[in-house]
file protein_35.cif (mmCIF, C-alpha atoms)
data_query
loop_
_atom_site.label_atom_id
_atom_site.label_comp_id
_atom_site.auth_asym_id
_atom_site.auth_seq_id
_atom_site.Cartn_x
_atom_site.Cartn_y
_atom_site.Cartn_z
CA MET D 192 0.00 0.00 0.00
CA SER D 193 1.30 3.46 -0.86
CA ASP D 194 1.85 6.32 1.52
CA PRO D 195 -1.22 8.53 1.81
CA LEU D 196 -1.34 11.75 -0.12
CA PRO D 197 -2.25 14.96 1.66
CA GLY D 198 -5.98 14.93 2.32
CA THR D 199 -6.53 11.32 1.21
CA SER D 200 -6.67 7.91 2.84
CA PRO D 201 -4.66 5.11 1.19
CA ALA D 202 -7.23 2.47 2.04
CA ALA D 203 -10.47 4.34 1.52
CA GLU D 204 -12.23 4.69 -1.79
CA ILE D 205 -12.26 8.21 -3.15
CA PRO D 206 -15.85 8.74 -4.28
CA GLY D 207 -16.92 10.93 -7.15
CA THR D 208 -19.45 13.65 -6.62
CA ASN D 209 -23.01 12.37 -6.80
CA ARG D 210 -24.75 13.49 -9.92
CA SER D 211 -28.22 13.67 -11.36
CA THR D 212 -28.86 12.51 -14.90
CA SER D 213 -30.44 15.93 -15.50
CA ALA D 214 -27.26 17.76 -14.51
CA THR D 215 -25.24 19.69 -17.06
CA ILE D 216 -21.64 19.00 -18.06
CA PRO D 217 -18.98 20.41 -20.39
CA PRO D 218 -19.37 18.74 -23.82
CA ASN D 219 -15.78 17.41 -23.91
CA ILE D 220 -16.77 13.91 -25.00
CA LEU D 221 -19.05 15.28 -27.71
CA ARG D 222 -16.30 17.50 -29.11
CA ALA D 223 -13.93 14.52 -29.31
CA LEU D 224 -16.71 12.44 -30.84
CA ALA D 225 -17.31 15.10 -33.48
CA GLY D 226 -13.65 14.85 -34.55
CA ILE D 227 -13.84 11.07 -34.95
CA ALA D 228 -17.17 11.33 -36.80
CA ALA D 229 -15.65 13.87 -39.19
CA GLU D 230 -13.00 11.29 -40.12
CA GLU D 231 -15.91 9.05 -41.18
CA GLY D 232 -17.36 11.83 -43.33
CA ILE D 233 -20.17 12.58 -40.88
CA GLY D 234 -20.82 16.29 -40.54
CA LEU D 235 -21.40 17.96 -37.19
CA GLY D 236 -24.89 19.00 -38.23
CA SER D 237 -25.91 15.39 -38.89
CA LEU D 238 -24.42 14.33 -35.57
CA LEU D 239 -26.32 16.94 -33.57
CA ALA D 240 -29.69 16.51 -35.34
CA GLY D 241 -32.54 16.12 -32.86
CA SER D 242 -30.40 16.90 -29.80
CA GLY D 243 -31.33 20.55 -29.45
CA LEU D 244 -27.68 21.53 -30.02
CA GLU D 245 -26.25 23.52 -32.92
CA GLU D 246 -22.77 23.61 -34.43
CA SER D 247 -22.04 27.12 -33.15
CA MET D 248 -23.09 26.11 -29.64
CA LEU D 249 -20.69 23.17 -29.49
CA ARG D 250 -17.77 25.51 -30.21
CA SER D 251 -18.60 27.74 -27.23
CA PRO D 252 -16.32 27.23 -24.19
CA ALA D 253 -19.23 28.18 -21.92
CA LEU D 254 -21.58 25.50 -23.27
CA ARG D 255 -22.99 22.89 -20.90
CA VAL D 256 -25.08 19.98 -22.14
CA SER D 257 -27.46 17.67 -20.31
CA TYR D 258 -26.84 13.94 -19.94
CA ARG D 259 -29.88 13.38 -22.12
CA GLN D 260 -28.41 15.52 -24.90
CA GLY D 261 -25.05 13.78 -24.58
CA ALA D 262 -26.66 10.34 -24.76
CA ALA D 263 -28.74 11.38 -27.78
CA VAL D 264 -25.67 12.54 -29.74
CA ILE D 265 -23.75 9.37 -28.85
CA GLN D 266 -26.71 7.20 -29.86
CA ARG D 267 -26.92 8.95 -33.22
CA ALA D 268 -23.15 8.65 -33.79
CA LEU D 269 -23.29 4.91 -33.12
CA ALA D 270 -26.11 4.54 -35.62
CA LEU D 271 -24.39 6.64 -38.28
CA THR D 272 -20.96 4.99 -37.98
CA GLY D 273 -21.97 1.42 -37.17
CA ASP D 274 -18.70 1.24 -35.19
CA GLN D 275 -19.04 -1.01 -32.14
CA HIS D 276 -15.75 0.35 -30.74
CA LEU D 277 -16.51 4.03 -31.33
CA GLY D 278 -16.12 4.75 -27.61
CA LEU D 279 -12.61 3.30 -27.53
CA ARG D 280 -11.63 5.33 -30.59
CA VAL D 281 -12.91 8.54 -29.00
CA GLY D 282 -11.11 7.77 -25.75
CA ALA D 283 -7.84 6.95 -27.50
CA ALA D 284 -7.91 10.34 -29.22
CA GLN D 285 -8.02 12.27 -25.93
CA HIS D 286 -5.23 14.56 -24.71
CA PRO D 287 -4.79 16.23 -21.28
CA THR D 288 -5.47 19.63 -22.83
CA SER D 289 -8.94 18.35 -23.78
CA TRP D 290 -9.76 18.51 -20.06
CA GLY D 291 -8.78 22.17 -19.70
CA VAL D 292 -7.43 23.30 -16.33
CA LEU D 293 -8.00 19.82 -14.89
CA GLY D 294 -5.72 18.35 -17.56
CA PHE D 295 -2.89 20.67 -16.50
CA ALA D 296 -3.46 19.71 -12.86
CA LEU D 297 -3.10 16.04 -13.78
CA MET D 298 0.17 16.65 -15.63
CA ALA D 299 1.56 18.71 -12.71
CA SER D 300 0.68 16.03 -10.11
CA GLU D 301 3.41 14.28 -8.15
CA THR D 302 2.57 10.65 -8.96
CA MET D 303 0.11 8.70 -11.09
CA GLU D 304 -1.95 7.91 -7.98
CA HIS D 305 -1.96 11.61 -7.13
CA ALA D 306 -3.14 12.50 -10.64
CA ILE D 307 -5.93 9.92 -10.57
CA THR D 308 -7.25 11.00 -7.18
CA THR D 309 -7.24 14.60 -8.39
CA GLY D 310 -9.16 13.61 -11.52
CA VAL D 311 -11.73 11.73 -9.44
CA LYS D 312 -12.23 14.66 -7.08
CA TYR D 313 -12.88 17.14 -9.89
CA GLN D 314 -14.49 14.72 -12.36
CA ASN D 315 -17.64 16.82 -12.78
CA LEU D 316 -15.54 19.54 -14.41
CA SER D 317 -14.16 17.15 -17.04
CA GLY D 318 -17.41 16.40 -18.84
CA ALA D 319 -17.51 12.85 -17.45
CA MET D 320 -20.83 11.07 -18.02
CA LEU D 321 -19.95 8.24 -15.64
CA VAL D 322 -19.19 8.13 -11.93
CA TRP D 323 -15.47 7.53 -11.29
CA SER D 324 -13.82 6.22 -8.11
CA ALA D 325 -10.33 4.99 -7.21
CA ALA D 326 -8.87 2.91 -4.39
CA TRP D 327 -6.05 0.54 -3.52
CA GLU D 328 -7.15 -3.09 -3.87
CA PRO D 329 -5.19 -6.35 -3.50
CA ASP D 330 -4.19 -6.43 -7.18
CA GLY D 331 -3.13 -2.79 -7.46
CA PHE D 332 -4.46 0.76 -7.66
CA VAL D 333 -7.91 0.38 -9.21
CA VAL D 334 -10.02 2.89 -11.11
CA ARG D 335 -13.73 2.05 -11.37
CA VAL D 336 -16.53 3.59 -13.39
CA GLU D 337 -20.26 3.17 -12.88
CA LEU D 338 -23.32 4.31 -14.81
CA PRO D 339 -25.22 7.23 -13.25
CA ASP D 340 -28.44 5.81 -14.71
CA PRO D 341 -28.92 2.00 -14.85
CA GLY D 342 -31.64 2.55 -17.46
CA LEU D 343 -29.20 4.11 -19.94
CA ASP D 344 -29.31 2.68 -23.47
CA PRO D 345 -26.93 -0.35 -23.44
CA ALA D 346 -25.06 0.77 -26.57
CA VAL D 347 -24.49 4.25 -25.08
CA ALA D 348 -23.36 2.63 -21.82
CA VAL D 349 -20.76 0.52 -23.66
CA PHE D 350 -19.56 3.62 -25.53
CA LEU D 351 -19.12 5.59 -22.30
CA ILE D 352 -17.25 2.81 -20.49
CA GLU D 353 -14.91 2.20 -23.45
CA GLU D 354 -14.32 5.95 -23.78
CA ALA D 355 -13.60 6.27 -20.07
CA PHE D 356 -10.90 3.61 -19.90
CA GLY D 357 -9.59 4.47 -23.37
CA SER D 358 -9.08 8.10 -22.37
CA ALA D 359 -7.52 7.13 -19.03
CA VAL D 360 -4.91 4.99 -20.79
CA ALA D 361 -4.35 7.51 -23.58
CA LEU D 362 -3.79 10.38 -21.12
CA THR D 363 -1.44 8.23 -19.05
CA ARG D 364 0.63 7.40 -22.12
CA VAL D 365 0.87 11.08 -23.05
CA THR D 366 2.08 11.79 -19.51
CA VAL D 367 4.53 8.93 -18.84
CA GLY D 368 5.27 7.49 -22.28
CA PRO D 369 3.81 5.04 -24.82
CA ARG D 370 5.13 1.94 -23.04
CA PHE D 371 2.52 2.26 -20.28
CA ALA D 372 0.00 -0.59 -20.03
CA PRO D 373 -2.49 -1.38 -17.26
CA ARG D 374 -2.11 -4.58 -15.27
CA ARG D 375 -5.66 -5.64 -16.14
CA VAL D 376 -8.89 -4.21 -17.58
CA GLU D 377 -12.36 -5.54 -16.79
CA PHE D 378 -15.61 -4.61 -18.55
CA ALA D 379 -19.04 -5.45 -17.16
CA PHE D 380 -20.63 -5.69 -20.61
CA PRO D 381 -20.68 -8.87 -22.80
CA ALA D 382 -17.98 -9.49 -25.38
CA PRO D 383 -18.58 -7.63 -28.68
CA THR D 384 -18.35 -9.34 -32.04
CA ASP D 385 -14.73 -8.20 -32.38
CA ASP D 386 -12.82 -7.96 -29.10
CA GLU D 387 -9.28 -8.15 -30.49
CA LEU D 388 -9.00 -4.35 -30.47
CA PHE D 389 -9.11 -4.36 -26.67
CA GLY D 390 -5.95 -6.44 -26.37
CA ARG D 391 -4.12 -4.42 -29.01
CA PHE D 392 -4.96 -1.07 -27.43
CA PHE D 393 -4.63 -1.85 -23.72
CA GLY D 394 -1.69 -4.26 -24.06
CA CYS D 395 -2.80 -6.34 -21.07
CA PRO D 396 -5.31 -9.06 -20.13
CA VAL D 397 -8.89 -7.87 -20.75
CA ALA D 398 -11.90 -9.55 -19.10
CA LEU D 399 -15.42 -9.10 -20.49
CA ASP D 400 -18.76 -9.76 -18.81
CA ALA D 401 -16.99 -9.09 -15.50
CA ALA D 402 -18.61 -8.13 -12.18
CA GLY D 403 -17.68 -4.47 -12.66
CA ASN D 404 -15.70 -2.00 -14.75
CA ARG D 405 -12.13 -1.92 -13.39
CA LEU D 406 -8.86 -0.48 -14.70
CA VAL D 407 -6.00 -1.89 -12.61
CA PHE D 408 -2.66 -0.05 -12.32
CA HIS D 409 0.43 -1.95 -11.21
CA PRO D 410 1.69 -0.41 -7.91
CA ALA D 411 4.94 0.59 -9.63
CA TRP D 412 3.06 2.66 -12.21
CA ALA D 413 0.72 4.16 -9.60
CA ARG D 414 3.66 5.32 -7.44
CA MET D 415 5.74 6.55 -10.36
CA VAL D 416 6.86 10.18 -10.07
CA LEU D 417 5.51 12.04 -13.07
CA PRO D 418 7.96 13.86 -15.37
CA GLY D 419 5.83 17.04 -15.42
CA ARG D 420 5.33 17.35 -11.66
CA ASP D 421 5.29 20.94 -10.48
CA GLU D 422 4.00 21.71 -6.99
CA ILE D 423 3.42 25.43 -7.62
CA ALA D 424 1.56 24.83 -10.88
CA TYR D 425 -0.47 22.08 -9.22
CA VAL D 426 -1.57 24.28 -6.30
CA SER D 427 -2.42 27.13 -8.68
CA THR D 428 -4.63 24.92 -10.83
CA LEU D 429 -6.39 23.53 -7.75
CA GLU D 430 -7.40 27.04 -6.73
CA LEU D 431 -9.04 27.53 -10.12
CA LEU D 432 -10.71 24.12 -9.94
CA ASP D 433 -12.11 24.80 -6.45
CA GLU D 434 -13.61 28.07 -7.66
CA ALA D 435 -15.18 26.30 -10.65
CA MET D 436 -16.58 23.54 -8.41
CA ALA D 437 -18.18 26.07 -6.07
CA ALA D 438 -19.81 27.90 -8.99
CA ARG D 439 -21.00 24.59 -10.43
CA ARG D 440 -22.60 23.54 -7.14
CA ASP D 441 -24.52 26.81 -6.96
CA ARG D 442 -25.81 26.38 -10.52
CA GLN D 443 -26.69 22.73 -9.99
CA GLU D 444 -28.60 23.46 -6.80
CA LEU D 445 -30.69 26.00 -8.70
CA LEU D 446 -31.48 23.49 -11.46
CA GLU D 447 -32.44 20.77 -8.98
CA VAL D 448 -34.69 23.10 -6.97
CA LEU D 449 -36.45 24.27 -10.15
CA GLU D 450 -36.92 20.71 -11.41
CA VAL D 451 -38.43 19.60 -8.11
CA SER D 452 -40.74 22.61 -8.15
CA ILE D 453 -41.88 21.84 -11.70
CA ALA D 454 -42.40 18.13 -10.93
CA GLN D 455 -44.42 18.90 -7.80
CA GLY D 456 -46.57 21.39 -9.71
CA LEU D 457 -47.58 19.08 -12.58
CA PRO D 458 -49.96 19.13 -14.32
CA ALA D 459 -49.80 22.87 -13.67
CA VAL D 460 -46.38 24.42 -14.34
CA PRO D 461 -45.26 27.37 -12.21
CA THR D 462 -44.58 30.40 -14.38
CA PHE D 463 -41.06 31.71 -14.68
CA ALA D 464 -42.13 34.88 -12.87
CA GLU D 465 -43.36 32.75 -9.95
CA GLN D 466 -40.05 30.89 -9.80
CA ALA D 467 -38.11 34.16 -9.79
CA ARG D 468 -40.20 35.49 -6.89
CA ARG D 469 -39.61 32.27 -4.91
CA HIS D 470 -35.86 32.81 -5.29
CA SER D 471 -36.05 36.54 -4.52
CA ALA D 472 -34.49 37.31 -7.88
CA SER D 473 -35.44 39.24 -10.97
CA GLU D 474 -36.46 37.30 -14.07
CA ARG D 475 -33.42 38.70 -15.85
CA THR D 476 -31.07 37.41 -13.15
CA MET D 477 -32.72 33.99 -13.18
CA ARG D 478 -32.44 33.73 -16.96
CA ARG D 479 -28.77 34.70 -16.77
CA ARG D 480 -28.09 32.04 -14.12
CA LEU D 481 -29.82 29.39 -16.22
CA ALA D 482 -27.90 30.49 -19.30
CA GLU D 483 -24.65 30.05 -17.36
CA SER D 484 -25.77 26.46 -16.75
CA GLY D 485 -26.41 25.98 -20.46
CA THR D 486 -30.18 25.71 -20.23
CA THR D 487 -33.47 27.64 -20.08
CA TYR D 488 -36.59 27.34 -17.97
CA GLU D 489 -38.47 26.01 -20.98
CA GLN D 490 -35.90 23.24 -21.40
CA LEU D 491 -36.19 22.31 -17.73
CA VAL D 492 -39.96 22.07 -18.01
CA ASP D 493 -39.61 19.96 -21.14
CA GLY D 494 -37.15 17.63 -19.42
CA VAL D 495 -39.35 17.13 -16.34
CA ARG D 496 -42.39 16.45 -18.51
CA ARG D 497 -40.43 13.97 -20.58
CA GLU D 498 -39.32 12.00 -17.53
CA ARG D 499 -42.88 11.99 -16.12
CA VAL D 500 -44.32 10.81 -19.45
CA GLU D 501 -41.78 7.97 -19.66
CA VAL D 502 -42.73 6.85 -16.15
CA LEU D 503 -46.47 6.99 -16.83
CA LEU D 504 -46.18 5.13 -20.14
CA ARG D 505 -44.93 2.13 -18.16
CA ARG D 506 -48.36 1.92 -16.50
CA PRO D 507 -50.61 0.07 -18.99
CA GLU D 508 -53.82 1.06 -17.17
CA LEU D 509 -53.30 4.73 -18.12
CA THR D 510 -54.66 6.00 -21.43
CA LEU D 511 -52.88 8.66 -23.45
CA ARG D 512 -55.58 11.09 -22.36
CA ASP D 513 -54.76 10.30 -18.72
CA ILE D 514 -51.04 10.83 -19.32
CA ALA D 515 -51.60 14.08 -21.21
CA ARG D 516 -53.78 15.40 -18.38
CA GLN D 517 -51.27 14.42 -15.65
CA THR D 518 -48.30 15.97 -17.43
CA GLY D 519 -49.88 19.28 -18.37
CA PHE D 520 -50.40 18.78 -22.11
CA SER D 521 -53.49 20.36 -23.64
CA ASP D 522 -54.58 17.13 -25.31
CA GLU D 523 -53.41 13.80 -26.75
CA ARG D 524 -52.17 15.42 -29.96
CA ALA D 525 -49.82 17.71 -28.05
CA LEU D 526 -48.54 14.69 -26.12
CA ARG D 527 -47.98 12.73 -29.34
CA ARG D 528 -46.03 15.62 -30.89
CA ALA D 529 -43.83 15.93 -27.83
CA VAL D 530 -43.07 12.19 -27.63
CA ARG D 531 -42.20 12.06 -31.31
CA ARG D 532 -39.90 15.07 -30.88
CA TRP D 533 -38.17 13.40 -27.92
CA HIS D 534 -37.89 9.86 -29.23
CA GLY D 535 -38.67 9.86 -32.95
CA VAL D 536 -41.60 7.45 -32.39
CA GLY D 537 -45.18 7.76 -31.18
CA PRO D 538 -46.31 7.14 -27.58
CA MET D 539 -47.66 3.64 -28.23
CA GLU D 540 -44.45 2.52 -29.93
CA LEU D 541 -42.46 3.99 -27.05
CA ARG D 542 -44.71 2.24 -24.54
CA LYS D 543 -43.96 -1.13 -26.18
CA GLY D 544 -40.23 -0.38 -26.06
CA LEU D 545 -40.37 0.66 -22.42
CA GLY D 546 -42.31 -2.43 -21.56
#

call {"tool": "encode", "arguments": {"input": "protein_35.cif", "output": "structure tokens"}}
result
Amino acid sequence: MSDPLPGTSPAAEIPGTNRSTSATIPPNILRALAGIAAEEGIGLGSLLAGSGLEESMLRSPALRVSYRQGAAVIQRALALTGDQHLGLRVGAAQHPTSWGVLGFALMASETMEHAITTGVKYQNLSGAMLVWSAAWEPDGFVVRVELPDPGLDPAVAVFLIEEAFGSAVALTRVTVGPRFAPRRVEFAFPAPTDDELFGRFFGCPVALDAAGNRLVFHPAWARMVLPGRDEIAYVSTLELLDEAMAARRDRQELLEVLEVSIAQGLPAVPTFAEQARRHSASERTMRRRLAESGTTYEQLVDGVRRERVEVLLRRPELTLRDIARQTGFSDERALRRAVRRWHGVGPMELRKGLG
């Protein structure tokens, strides 16, 4: 077991920040995905179709996207490319600079273990769509990833897990050299049609259909002093990261409070003016705060209604008229239009799929 780092315990797992699937994240994965899709001749416009995102938006450094938007773009990319290892390709193309300030903090860390624990602590600033954790286990220093939503589309889940471990290995190789290889990699999903790419990329034993998703570092690699270590640069980047985390928590709390308020109000939806009064803020201030989170009140209402509709469609005793009435739609036609906009199919087709 290694010596503990300042502020960490060598034996305890370092948990990631809890997240909601309605939270917003930087679109780092989507930007990397767009580059890989372009190599396949797939334009950014085609990739973003139906997600509510536009090309100009994706180029904005201030943009934040929802998990639902991220999953929708990934799902479309998988369909357009037909590449079962698209996630691994996107992960392998990552570079520390893709993660902004956090990437520089990782490169300035003292050891590989130090870098990983830092990445786990600030994971919500990296655009991660999974929940990361790290801990010492009997076979080495282990990085784990878990899905924030067990109901996530299986193909999107595989993409995200492949991307996660692919990017972790790619970033490590950029930092310490191309000879790095994990001790072992384990994926919880079944073996794909072609699994040879795993062995070639990771350069170590790979287990599929495992109990969990684990990336195991040999203790020697975990304790290795990094060539770019710089204590002053590391401390400076942490100050920036802490400020960003505090701002993110404030924005996320606002989104969660508004979503709860909307959900409790259905079928009636509180007006934006009512929400502003509840928060003792002007409508202009509220709109600015939502814009900083990459969303609008209308999008929040749409998201809450969508989740409620999906829940109610799983109840076969409810008619479409019942569901429309309980979710605040004027009639069945408005409900049908909304479901088709969200899913590309009608409510009855979606009900069969959910069942």

call {"tool": "resolve_selection", "arguments": {"input": "protein_35.cif", "expression": "the PyMOL selection byres ((chain D and resi 513-522) around 10)", "output": "PyMOL selection string"}}
result
chain D and resi 454+456-460+495-504+506+508-512+523-527+529

call {"tool": "residues_near_point", "arguments": {"input": "protein_35.cif", "point": "(-13.0, 7.8, -10.5)", "cutoff": "6 Å", "atoms": "only C-alpha atoms", "output": "list of chain:residue names"}}
result
D:Val311, D:Trp323, D:Ser324, D:Ala325, D:Val334, D:Arg335

call {"tool": "closest_residue", "arguments": {"input": "protein_35.cif", "among": "D:Leu224, D:Ala413, D:Met436, D:Ala382", "to": "D:Ile307", "atoms": "all atoms listed in the file"}}
result
D:Ala413

call {"tool": "closest_residue", "arguments": {"input": "protein_35.cif", "among": "D:Gly544, D:Gly291, D:Phe389, D:Val397", "to": "D:Leu431", "atoms": "all atoms listed in the file"}}
result
D:Gly291

call {"tool": "residues_near_point", "arguments": {"input": "protein_35.cif", "point": "(-13.2, -5.8, -18.2)", "cutoff": "12 Å", "atoms": "only C-alpha atoms", "output": "ChimeraX atom specification"}}
result
/D:334-336,349,352-353,356,373-383,386,389-390,393,395-407

call {"tool": "closest_residue", "arguments": {"input": "protein_35.cif", "among": "D:Gly273, D:Gly419, D:Gly342, D:Gly485", "to": "D:Leu545", "atoms": "all atoms listed in the file"}}
result
D:Gly342

call {"tool": "closest_residue", "arguments": {"input": "protein_35.cif", "among": "D:Ser247, D:Thr476, D:Thr288, D:Ser317", "to": "D:Leu235", "atoms": "all atoms listed in the file"}}
result
D:Ser247

call {"tool": "axis_aligned_box", "arguments": {"input": "protein_35.cif", "around": "stretch 241-244 of chain D", "padding_each_side": "3 Å", "output": "JSON"}}
result
{"center_x": -30.1, "center_y": 18.8, "center_z": -31.2, "size_x": 10.9, "size_y": 11.4, "size_z": 9.4}

call {"tool": "atom_distance", "arguments": {"input": "protein_35.cif", "atom1": "atom CA of D:Glu434", "atom2": "atom CA of D:Gly282"}}
result
27.3 Å

call {"tool": "resolve_selection", "arguments": {"input": "protein_35.cif", "expression": "the PyMOL selection byres ((chain D and resi 313) around 8)", "output": "JSON, numbers by chain"}}
result
{"D": [207, 293, 309, 310, 311, 312, 314, 315, 316, 317, 432, 436]}

call {"tool": "closest_residue", "arguments": {"input": "protein_35.cif", "among": "D:Ile453, D:Ala355, D:Val492, D:Met320", "to": "D:Tyr258", "atoms": "all atoms listed in the file"}}
result
D:Met320

call {"tool": "atom_distance", "arguments": {"input": "protein_35.cif", "atom1": "atom CA of D:Leu541", "atom2": "atom CA of D:Ala263"}}
result
15.6 Å

call {"tool": "atom_distance", "arguments": {"input": "protein_35.cif", "atom1": "atom CA of D:Leu343", "atom2": "atom CA of D:Glu483"}}
result
26.5 Å

call {"tool": "build_atoms", "arguments": {"input": "protein_35.cif", "residues": "stretch 392-405 of chain D", "atoms": "N, CA and C atoms", "output": "mmCIF file, keeping the file's coordinate frame"}}
result
data_model
loop_
_atom_site.group_PDB
_atom_site.id
_atom_site.type_symbol
_atom_site.label_atom_id
_atom_site.label_comp_id
_atom_site.auth_asym_id
_atom_site.auth_seq_id
_atom_site.Cartn_x
_atom_site.Cartn_y
_atom_site.Cartn_z
ATOM 1 N N PHE D 392 -5.045 -2.430 -27.972
ATOM 2 C CA PHE D 392 -4.960 -1.070 -27.430
ATOM 3 C C PHE D 392 -4.427 -1.065 -25.998
ATOM 4 N N PHE D 393 -5.007 -1.892 -25.135
ATOM 5 C CA PHE D 393 -4.630 -1.850 -23.720
ATOM 6 C C PHE D 393 -3.306 -2.562 -23.441
ATOM 7 N N GLY D 394 -2.963 -3.561 -24.246
ATOM 8 C CA GLY D 394 -1.690 -4.260 -24.060
ATOM 9 C C GLY D 394 -1.610 -5.044 -22.766
ATOM 10 N N CYS D 395 -2.758 -5.573 -22.309
ATOM 11 C CA CYS D 395 -2.800 -6.340 -21.070
ATOM 12 C C CYS D 395 -3.997 -7.272 -21.117
ATOM 13 N N PRO D 396 -4.123 -8.198 -20.160
ATOM 14 C CA PRO D 396 -5.310 -9.060 -20.130
ATOM 15 C C PRO D 396 -6.594 -8.232 -19.987
ATOM 16 N N VAL D 397 -7.607 -8.575 -20.776
ATOM 17 C CA VAL D 397 -8.890 -7.870 -20.750
ATOM 18 C C VAL D 397 -9.985 -8.903 -20.476
ATOM 19 N N ALA D 398 -10.790 -8.663 -19.449
ATOM 20 C CA ALA D 398 -11.900 -9.550 -19.100
ATOM 21 C C ALA D 398 -13.209 -8.870 -19.467
ATOM 22 N N LEU D 399 -14.113 -9.616 -20.103
ATOM 23 C CA LEU D 399 -15.420 -9.100 -20.490
ATOM 24 C C LEU D 399 -16.499 -9.825 -19.701
ATOM 25 N N ASP D 400 -17.670 -9.205 -19.601
ATOM 26 C CA ASP D 400 -18.760 -9.760 -18.810
ATOM 27 C C ASP D 400 -18.326 -9.947 -17.353
ATOM 28 N N ALA D 401 -17.521 -9.020 -16.862
ATOM 29 C CA ALA D 401 -16.990 -9.090 -15.500
ATOM 30 C C ALA D 401 -18.021 -8.518 -14.513
ATOM 31 N N ALA D 402 -17.691 -8.612 -13.221
ATOM 32 C CA ALA D 402 -18.610 -8.130 -12.180
ATOM 33 C C ALA D 402 -18.703 -6.613 -12.160
ATOM 34 N N GLY D 403 -17.682 -5.933 -12.643
ATOM 35 C CA GLY D 403 -17.680 -4.470 -12.660
ATOM 36 C C GLY D 403 -16.691 -3.951 -13.664
ATOM 37 N N ASN D 404 -16.632 -2.643 -13.816
ATOM 38 C CA ASN D 404 -15.700 -2.000 -14.750
ATOM 39 C C ASN D 404 -14.478 -1.528 -13.980
ATOM 40 N N ARG D 405 -13.337 -2.198 -14.170
ATOM 41 C CA ARG D 405 -12.130 -1.920 -13.390
ATOM 42 C C ARG D 405 -10.926 -1.744 -14.313
#
